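Input: a single structure, listed below in structure tokens.
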Amino acid sequence: MRLFDTLTKSEVELPGPPARIGMYTCGPTVYQRIHIGNARPYVLSLWLKRWLELRGYEVTLVENITDVNDRIYEAAPNHSAKLAAKAAQWYVDDTDALGLGRPDHEPKATQTIPEIIALIEELIRDGYAYESGGDVYFSVGRFPTYGRLSGQRPDQVEEQEPNPLKQDPRDFSLWKANKEGEDTWWDSPWGRGRPGWHIECSAMAEKFLGPSFDIHLGGLDLVFPHHENERAQSQAAGREFAHIWMHNGLLRLDREKMSKSVGNIAPLRDVLQRWGRETVLLFFLTGHWSKPIDFSDEVMAAAQARVEGFREIFRGPSRPGGDWDSFAAALEDDFNTPEALAVMHGWRDHELLRRALDVFGLASRSGRRPRRRSSSSLSAGARRVPRATSTRPTGCVMRSRRRAGRRATWRTVSSSSRSDPRAGLRAAAGAGSASRPPRGARAVGDGARTQGRGVAAGRRAAARADEARAGAQRGGRHA
């Protein structure tokens with residue numbers, strides 16, 4: 001299996017099964033409910049784990065929860081611990097509703113303080129860090145390959161965390177002295193304080209995966225400074241750290257990155273409540289993981305129609321045929337889910353289709369944890385006709401809904417399906433002019449040919465739902 005690596009700007013091949021694969025995903029900083037964009041790295045990492053395990057690998061997936069951070073202090077001065085605990089549970093509840101199970105380990109920063117302090121002490125001892133006024137900083141100038149992950153020259157790196165007590169404006173914090181309004185702190189050799197953001201992940205990854213592991217996942221917005229700093233501090237301490245860096249493209253609303261700070265967000269809970277988990281998961285399938293993906297009413301409606309198209313297949317007779325090798329080849333080639341989806345659209349073999357859907361958590365009601373609403377499988381479509389529309393909208397980006405159309409109006413964005421899947425990655429990493437051909441182009445074409453069947457099926461389901469509602473109003477029985 002080959003995966004694109006941000007550091008080398010190339011596809012890197014994993015060792016063959018039954019090798020052990022360690023995966024680390026940067027999870028959320030918990031101070032409010034996560035949005036649909038935050039769910040993409042979570043979904044990607046669990047899908048990749050499921051596929052690798054099906055291929056015979058022994059996989060350990062770690063995804064952290066950052067529960068001590070400046071943003072949490074700002075959101076709840078003197079009450080950050082209470083907010084972090086509540087928001088961490090929101091995160092677990094909302095991602096549980098996706099029906100994909102849980103990572104093997106979900107450590108919290110506050111549970112890893114001894115390991116963090118030990119790592120900082122090691123960096124100070126070896127000359128890579130220094131204490132200043134109760135804070136501890138990593139000395140960027142001491143690490144010669146700093147900037148390589150993000151494609152920046154060390155002498156052109158922007159200043160991080162301005163502080164006149166730093167030896168170099170580029171230096172970043174490993175430990176922060178306790179300040180007014182910060183209700184969480186720990187004793188350390190440098191006084192009371194708490195860890196910086198970047199050191200947490202280095203310590204948690206090593207605690208559960210060891211000094212060297214295979215795949216580090218996270219959003220494209222984490223390349224710099226977060227992952228650049230993780231790599232620097234871990235390798236300065238003599239750890240090999242991650243072999244492959246996978247950075248997923250971001251979700252866009254009105255051509256802008258979906259962001260809590262900007263406020264253009266759709267909470268995952270609300271999106272699931274409106275569209276159901278099957279539509280949300282199929283939506284993620286339509287975009288290559290390394291590309292940005294646009295989120296809009298139209299895009300979600302198209303995903304919903306595809307879901308109904310798969311259900312229609314299971315309502316009909318199973319027709320043997322289909323090439324599993326083509327499906328596997330798409331996922332082995334940089335985990336190309338749009339191409340794998342295009343292959344699946346050509347199948348009418350129920351068992352083969354169910355097997356493929358199971359890779360993405362769509363084939364079975366069974367799971368490692370109890371499911372919430374919308375936990376039904378696509379292969380269960382023959383036993384029930386789903387409503388073509390959802391429950392009432394509650395998302396903050398929803399504006400209005402016309403009852404006749406049963407449709408909410410969200411801000412619309414244009415599709416990026418023809419964009420270079422590495423364009424955003426190269427922009428963040430400064431990779432120069434080298435480019436790769438658009439991945440998944442054939443899949444987009446194949447999907448367009450099959451989408452018509454899904455749309456027609458979705459319309460038929462909508463008509464049946466409308467008839468059922470009309471019958472109920474007349475006092476008749478539901479169809």
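Identifiers for the structure tokens are assigned positionally: chains receive A, B, ... in sequence, residues are indexed from 1 per chain, and ligands are indexed from 1 in the order shown.
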Would you write out, as CSV, a table of all residues in range 152-269 of chain A that have an atom no more than 9 Å from an atom of range 110-127 of chain A, listing for each the closest atom pair and the distance in Å to one decimal, considering only C-alpha atoms and ordering rows by chain and rising residue number?
residue,atom,partner,partner_atom,distance
A:Leu174,CA,A:Ile120,CA,6.9
A:Trp175,CA,A:Ile120,CA,8.0
A:Trp186,CA,A:Ile113,CA,8.0
A:Ser188,CA,A:Ile117,CA,7.1
A:Pro189,CA,A:Ile117,CA,8.5
A:Arg194,CA,A:Ile113,CA,8.3
A:Pro195,CA,A:Ile116,CA,7.3
A:Ile199,CA,A:Ile116,CA,6.7
A:Glu200,CA,A:Ile116,CA,6.4
A:Ser202,CA,A:Ile116,CA,8.2
A:Ala203,CA,A:Ile116,CA,5.5
A:Met204,CA,A:Thr112,CA,6.7
A:Lys207,CA,A:Glu115,CA,7.6
A:Gln233,CA,A:Leu123,CA,7.6
A:Ser234,CA,A:Leu119,CA,8.6
A:Ala236,CA,A:Leu123,CA,7.3
A:Ala237,CA,A:Leu123,CA,6.0
Original post:
So which residues touch range 8-14 of chain A within 9 Å, counting only C-alpha atoms, skipping near sequence neighbours fewer than 2 positions away, as a PyMOL selection string?
Top reply: chain A and resi 1-6+16-17+19+21+149+214+243-245+333-334+426+431
For the contact check between range 136-194 of chain A and range 81-88 of chain A, emit one row per residue of range 136-194 of chain A within 12 Å, containing the shortest atom pair and the distance in Å rounded to one decimal, counting only C-alpha atoms, chain then rising number order, as a tab-separated table.
residue	atom	partner	partner_atom	distance
A:Gly181	CA	A:Ala81	CA	11.6
A:Glu182	CA	A:Ala81	CA	9.3
A:Asp183	CA	A:Ala81	CA	7.2
A:Thr184	CA	A:Ala81	CA	6.7
A:Trp185	CA	A:Ala81	CA	10.3
Output C-alpha atoms of each residue in that selection to a file, as a short mmCIF file (atom, residue, chain, number, x, y, z; two decimals), in the first residue's frame.
data_model
loop_
_atom_site.label_atom_id
_atom_site.label_comp_id
_atom_site.auth_asym_id
_atom_site.auth_seq_id
_atom_site.Cartn_x
_atom_site.Cartn_y
_atom_site.Cartn_z
CA GLY A 181 -7.43 33.04 35.01
CA GLU A 182 -5.82 29.63 34.41
CA ASP A 183 -7.41 27.22 36.84
CA THR A 184 -5.32 24.16 35.86
CA TRP A 185 -1.64 23.85 36.69
#
**OP:** Extract the full set of alpha helix (DSSP H) residues from range 134-207 of chain A according to DSSP on the backbone, and format it as a list in words.
**Re:** Trp197, His198, Ile199, Glu200, Cys201, Ser202, Ala203, Met204, Ala205, Glu206 and Lys207 of chain A
Cys201 in chain A: which residues within 8 Å, counting only C-alpha atoms, same-chain residues fewer than 4 positions away excluded, as a tab-separated table (two decimals) with N, CA and C atoms, in the first residue's frame?
chain	number	residue	atom	x	y	z
A	26	CYS	N	-4.00	13.63	15.32
A	26	CYS	CA	-4.21	14.77	16.20
A	26	CYS	C	-5.71	15.02	16.34
A	64	ASN	N	-5.50	11.73	20.17
A	64	ASN	CA	-5.46	12.45	21.44
A	64	ASN	C	-6.63	13.41	21.60
A	197	TRP	N	1.22	23.40	23.60
A	197	TRP	CA	0.37	22.57	22.73
A	197	TRP	C	1.16	21.45	22.06
A	205	ALA	N	2.17	10.30	21.70
A	205	ALA	CA	2.48	9.35	20.63
A	205	ALA	C	3.52	8.34	21.11
A	230	GLU	N	6.21	19.37	16.46
A	230	GLU	CA	6.25	17.99	16.97
A	230	GLU	C	7.48	17.26	16.44
Original post:
If you count only C-alpha atoms, which residues fall within 7 Å of range 138-141 of chain A, apart from same-chain ones fewer than 2 positions away, as a list in words?
Top reply: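 With the cut-off at 7 Å, the set is Tyr128, Ala129, Tyr130, Phe143, Pro144, Tyr146, Arg170, Asp171, Phe172, Ser173 and Leu174 of chain A.
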Using DSSP on the backbone coordinates, identify the residues of range 221-340 of chain A assigned to strand (DSSP E); present them as a short mmCIF file (atom, residue, chain, number, x, y, z; two decimals) with N, CA and C atoms, in the first residue's frame.
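The result, written out as selection38.cif:
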data_model
loop_
_atom_site.label_atom_id
_atom_site.label_comp_id
_atom_site.auth_asym_id
_atom_site.auth_seq_id
_atom_site.Cartn_x
_atom_site.Cartn_y
_atom_site.Cartn_z
N PHE A 241 10.31 9.12 15.33
CA PHE A 241 8.96 9.67 15.23
C PHE A 241 8.25 9.11 14.00
N ALA A 242 7.47 9.91 13.29
CA ALA A 242 6.58 9.40 12.24
C ALA A 242 7.33 9.14 10.93
N HIS A 243 6.95 8.03 10.27
CA HIS A 243 7.54 7.70 8.96
C HIS A 243 6.77 8.36 7.83
N ILE A 244 5.44 8.45 7.94
CA ILE A 244 4.59 9.03 6.91
C ILE A 244 3.70 10.09 7.55
N TRP A 245 3.62 11.24 6.91
CA TRP A 245 2.75 12.32 7.38
C TRP A 245 1.59 12.47 6.40
N MET A 246 0.37 12.15 6.85
CA MET A 246 -0.84 12.26 6.04
C MET A 246 -1.64 13.48 6.50
N HIS A 247 -1.77 14.47 5.63
CA HIS A 247 -2.53 15.66 5.97
C HIS A 247 -3.76 15.77 5.07
N ASN A 248 -4.94 15.62 5.69
CA ASN A 248 -6.16 15.66 4.91
C ASN A 248 -6.54 17.08 4.53
N LEU A 251 -12.47 21.06 4.92
CA LEU A 251 -13.81 21.33 4.43
C LEU A 251 -13.97 22.82 4.20
N ARG A 252 -14.70 23.16 3.12
CA ARG A 252 -14.87 24.56 2.78
C ARG A 252 -16.36 24.90 2.70
N LEU A 253 -16.68 26.07 3.22
CA LEU A 253 -18.02 26.62 3.14
C LEU A 253 -17.88 28.02 2.54
N GLU A 256 -14.30 29.03 1.79
CA GLU A 256 -13.41 29.29 2.91
C GLU A 256 -13.30 28.06 3.78
N LYS A 257 -12.16 27.89 4.41
CA LYS A 257 -11.98 26.82 5.37
C LYS A 257 -13.03 26.93 6.46
N ILE A 293 -12.67 19.60 0.37
CA ILE A 293 -13.98 19.10 0.00
C ILE A 293 -15.01 20.16 0.37
N ASP A 294 -15.90 20.46 -0.58
CA ASP A 294 -16.89 21.51 -0.38
C ASP A 294 -18.14 20.94 0.28
#
All residues 8 Å or closer to Arg20 in chain A, only C-alpha atoms, same chain fewer than 5 positions away omitted, as an mmCIF file with N, CA and C atoms, in the first residue's frame:
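Listing of result-v2.cif after writing:
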data_model
loop_
_atom_site.group_PDB
_atom_site.id
_atom_site.type_symbol
_atom_site.label_atom_id
_atom_site.label_comp_id
_atom_site.auth_asym_id
_atom_site.auth_seq_id
_atom_site.Cartn_x
_atom_site.Cartn_y
_atom_site.Cartn_z
ATOM 1 N N TYR A 57 -2.970 -6.518 8.547
ATOM 2 C CA TYR A 57 -2.060 -5.788 9.424
ATOM 3 C C TYR A 57 -2.584 -5.795 10.860
ATOM 4 N N GLU A 58 -1.675 -5.618 11.792
ATOM 5 C CA GLU A 58 -2.031 -5.408 13.192
ATOM 6 C C GLU A 58 -1.872 -3.917 13.469
ATOM 7 N N VAL A 59 -2.991 -3.230 13.668
ATOM 8 C CA VAL A 59 -2.994 -1.766 13.701
ATOM 9 C C VAL A 59 -3.323 -1.260 15.102
ATOM 10 N N THR A 60 -2.567 -0.265 15.546
ATOM 11 C CA THR A 60 -2.873 0.466 16.775
ATOM 12 C C THR A 60 -3.089 1.920 16.411
#
Original post:
Taking only C-alpha atoms into account, which of A:Asn336, A:Gln235, A:Thr95, A:Ser132 comes nearest Val280 in chain A?
Top reply: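 Closest candidate: A:Thr95.
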Show me, as an mmCIF file with N, CA and C atoms, in the first residue's frame, the residues that have an atom within 12 Å of range 49-55 of chain A when counting only C-alpha atoms, minus same-chain residues fewer than 6 positions from it.
data_model
loop_
_atom_site.group_PDB
_atom_site.id
_atom_site.type_symbol
_atom_site.label_atom_id
_atom_site.label_comp_id
_atom_site.auth_asym_id
_atom_site.auth_seq_id
_atom_site.Cartn_x
_atom_site.Cartn_y
_atom_site.Cartn_z
ATOM 1 N N MET A 1 0.840 -1.195 0.000
ATOM 2 C CA MET A 1 0.000 0.000 0.000
ATOM 3 C C MET A 1 0.871 1.239 0.000
ATOM 4 N N ARG A 2 0.473 2.239 -0.787
ATOM 5 C CA ARG A 2 1.230 3.483 -0.912
ATOM 6 C C ARG A 2 0.383 4.644 -0.405
ATOM 7 N N LEU A 14 4.034 1.156 2.462
ATOM 8 C CA LEU A 14 4.046 0.502 3.768
ATOM 9 C C LEU A 14 4.676 -0.881 3.650
ATOM 10 N N PRO A 15 5.231 -1.400 4.743
ATOM 11 C CA PRO A 15 5.681 -2.796 4.720
ATOM 12 C C PRO A 15 4.477 -3.703 4.528
ATOM 13 N N GLY A 16 4.691 -4.880 3.961
ATOM 14 C CA GLY A 16 3.584 -5.792 3.689
ATOM 15 C C GLY A 16 3.019 -6.398 4.961
ATOM 16 N N PRO A 17 1.753 -6.843 4.886
ATOM 17 C CA PRO A 17 1.156 -7.525 6.045
ATOM 18 C C PRO A 17 1.879 -8.847 6.289
ATOM 19 N N PRO A 18 1.913 -9.345 7.523
ATOM 20 C CA PRO A 18 1.171 -8.883 8.704
ATOM 21 C C PRO A 18 1.953 -7.948 9.606
ATOM 22 N N ALA A 19 2.561 -6.932 9.045
ATOM 23 C CA ALA A 19 3.348 -5.988 9.844
ATOM 24 C C ALA A 19 2.461 -5.257 10.850
ATOM 25 N N ARG A 20 3.089 -4.759 11.909
ATOM 26 C CA ARG A 20 2.390 -3.920 12.871
ATOM 27 C C ARG A 20 2.451 -2.470 12.403
ATOM 28 N N ILE A 21 1.308 -1.809 12.420
ATOM 29 C CA ILE A 21 1.219 -0.421 11.977
ATOM 30 C C ILE A 21 0.750 0.444 13.137
ATOM 31 N N GLY A 22 1.541 1.458 13.472
ATOM 32 C CA GLY A 22 1.152 2.431 14.487
ATOM 33 C C GLY A 22 0.671 3.707 13.821
ATOM 34 N N MET A 23 -0.493 4.194 14.241
ATOM 35 C CA MET A 23 -1.085 5.410 13.669
ATOM 36 C C MET A 23 -1.409 6.397 14.791
ATOM 37 N N TYR A 24 -1.073 7.651 14.547
ATOM 38 C CA TYR A 24 -1.398 8.712 15.517
ATOM 39 C C TYR A 24 -2.135 9.824 14.789
ATOM 40 N N THR A 25 -3.305 10.200 15.319
ATOM 41 C CA THR A 25 -4.105 11.279 14.742
ATOM 42 C C THR A 25 -4.257 12.401 15.755
ATOM 43 N N TYR A 42 -10.899 12.150 11.822
ATOM 44 C CA TYR A 42 -11.398 11.037 12.633
ATOM 45 C C TYR A 42 -11.903 9.915 11.733
ATOM 46 N N VAL A 43 -12.733 10.259 10.755
ATOM 47 C CA VAL A 43 -13.290 9.267 9.826
ATOM 48 C C VAL A 43 -12.179 8.619 9.006
ATOM 49 N N LEU A 61 -4.298 2.423 16.694
ATOM 50 C CA LEU A 61 -4.642 3.806 16.382
ATOM 51 C C LEU A 61 -4.776 4.605 17.678
ATOM 52 N N VAL A 62 -4.048 5.710 17.748
ATOM 53 C CA VAL A 62 -4.101 6.624 18.886
ATOM 54 C C VAL A 62 -4.610 7.970 18.390
ATOM 55 N N LEU A 100 -18.484 4.202 13.678
ATOM 56 C CA LEU A 100 -17.242 3.603 13.189
ATOM 57 C C LEU A 100 -16.419 2.958 14.299
ATOM 58 N N GLY A 101 -16.904 2.971 15.520
ATOM 59 C CA GLY A 101 -16.105 2.483 16.631
ATOM 60 C C GLY A 101 -15.200 3.581 17.162
ATOM 61 N N ARG A 102 -14.247 3.211 17.997
ATOM 62 C CA ARG A 102 -13.345 4.165 18.621
ATOM 63 C C ARG A 102 -11.893 3.813 18.313
ATOM 64 N N PRO A 103 -10.985 4.807 18.368
ATOM 65 C CA PRO A 103 -9.553 4.492 18.306
ATOM 66 C C PRO A 103 -9.158 3.577 19.465
ATOM 67 N N ASP A 104 -8.020 2.941 19.343
ATOM 68 C CA ASP A 104 -7.563 2.025 20.402
ATOM 69 C C ASP A 104 -7.219 2.782 21.679
ATOM 70 N N ILE A 215 2.426 6.110 10.771
ATOM 71 C CA ILE A 215 1.602 7.124 10.102
ATOM 72 C C ILE A 215 1.139 8.171 11.107
ATOM 73 N N LEU A 217 -1.447 11.363 11.216
ATOM 74 C CA LEU A 217 -2.532 11.989 10.479
ATOM 75 C C LEU A 217 -2.962 13.290 11.145
ATOM 76 N N PHE A 327 -11.427 -2.655 -6.697
ATOM 77 C CA PHE A 327 -11.743 -1.917 -5.476
ATOM 78 C C PHE A 327 -10.509 -1.847 -4.581
ATOM 79 N N ALA A 328 -9.864 -2.982 -4.373
ATOM 80 C CA ALA A 328 -8.679 -3.023 -3.515
ATOM 81 C C ALA A 328 -7.548 -2.180 -4.090
ATOM 82 N N ALA A 329 -7.384 -2.218 -5.414
ATOM 83 C CA ALA A 329 -6.305 -1.457 -6.043
ATOM 84 C C ALA A 329 -6.499 0.045 -5.813
ATOM 85 N N ALA A 330 -7.753 0.507 -5.825
ATOM 86 C CA ALA A 330 -8.005 1.933 -5.588
ATOM 87 C C ALA A 330 -7.589 2.337 -4.182
ATOM 88 N N LEU A 331 -7.884 1.508 -3.195
ATOM 89 C CA LEU A 331 -7.526 1.841 -1.817
ATOM 90 C C LEU A 331 -6.039 1.641 -1.556
ATOM 91 N N GLU A 332 -5.437 0.684 -2.245
ATOM 92 C CA GLU A 332 -3.991 0.484 -2.074
ATOM 93 C C GLU A 332 -3.192 1.631 -2.679
ATOM 94 N N PHE A 335 -5.122 5.294 -0.875
ATOM 95 C CA PHE A 335 -6.445 5.246 -0.251
ATOM 96 C C PHE A 335 -7.424 6.138 -1.011
ATOM 97 N N ASN A 336 -7.576 5.829 -2.299
ATOM 98 C CA ASN A 336 -8.383 6.639 -3.202
ATOM 99 C C ASN A 336 -9.857 6.237 -3.084
ATOM 100 N N THR A 337 -10.570 6.833 -2.149
ATOM 101 C CA THR A 337 -11.969 6.457 -1.921
ATOM 102 C C THR A 337 -12.902 6.860 -3.066
ATOM 103 N N ARG A 355 -19.533 -6.362 1.492
ATOM 104 C CA ARG A 355 -18.145 -6.485 1.967
ATOM 105 C C ARG A 355 -17.395 -5.166 1.795
ATOM 106 N N ALA A 356 -17.613 -4.486 0.671
ATOM 107 C CA ALA A 356 -16.935 -3.209 0.431
ATOM 108 C C ALA A 356 -17.493 -2.114 1.335
ATOM 109 N N LEU A 357 -18.807 -2.081 1.483
ATOM 110 C CA LEU A 357 -19.422 -1.070 2.345
ATOM 111 C C LEU A 357 -18.955 -1.206 3.786
ATOM 112 N N ASP A 358 -18.662 -2.419 4.195
ATOM 113 C CA ASP A 358 -18.237 -2.651 5.572
ATOM 114 C C ASP A 358 -16.901 -1.980 5.881
ATOM 115 N N VAL A 359 -16.054 -1.811 4.863
ATOM 116 C CA VAL A 359 -14.782 -1.118 5.075
ATOM 117 C C VAL A 359 -15.035 0.288 5.613
ATOM 118 N N PHE A 360 -16.144 0.900 5.166
ATOM 119 C CA PHE A 360 -16.442 2.282 5.527
ATOM 120 C C PHE A 360 -17.545 2.374 6.577
ATOM 121 N N GLY A 361 -17.826 1.260 7.248
ATOM 122 C CA GLY A 361 -18.796 1.273 8.335
ATOM 123 C C GLY A 361 -20.231 1.405 7.885
#
Subject >> Top pick for closest residue to Trp90 in chain A, considering A:Val307, A:Leu268, A:Ala340, A:Leu378 and counting only C-alpha atoms >> reply: A:Leu268
**OP:** Could you please determine the separation between CA of Phe224 in chain A and CA of His35 in chain A in Å, to one decimal place?
**Re:**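 Separating CA of Phe224 in chain A from CA of His35 in chain A is a distance of 21.3 Å.
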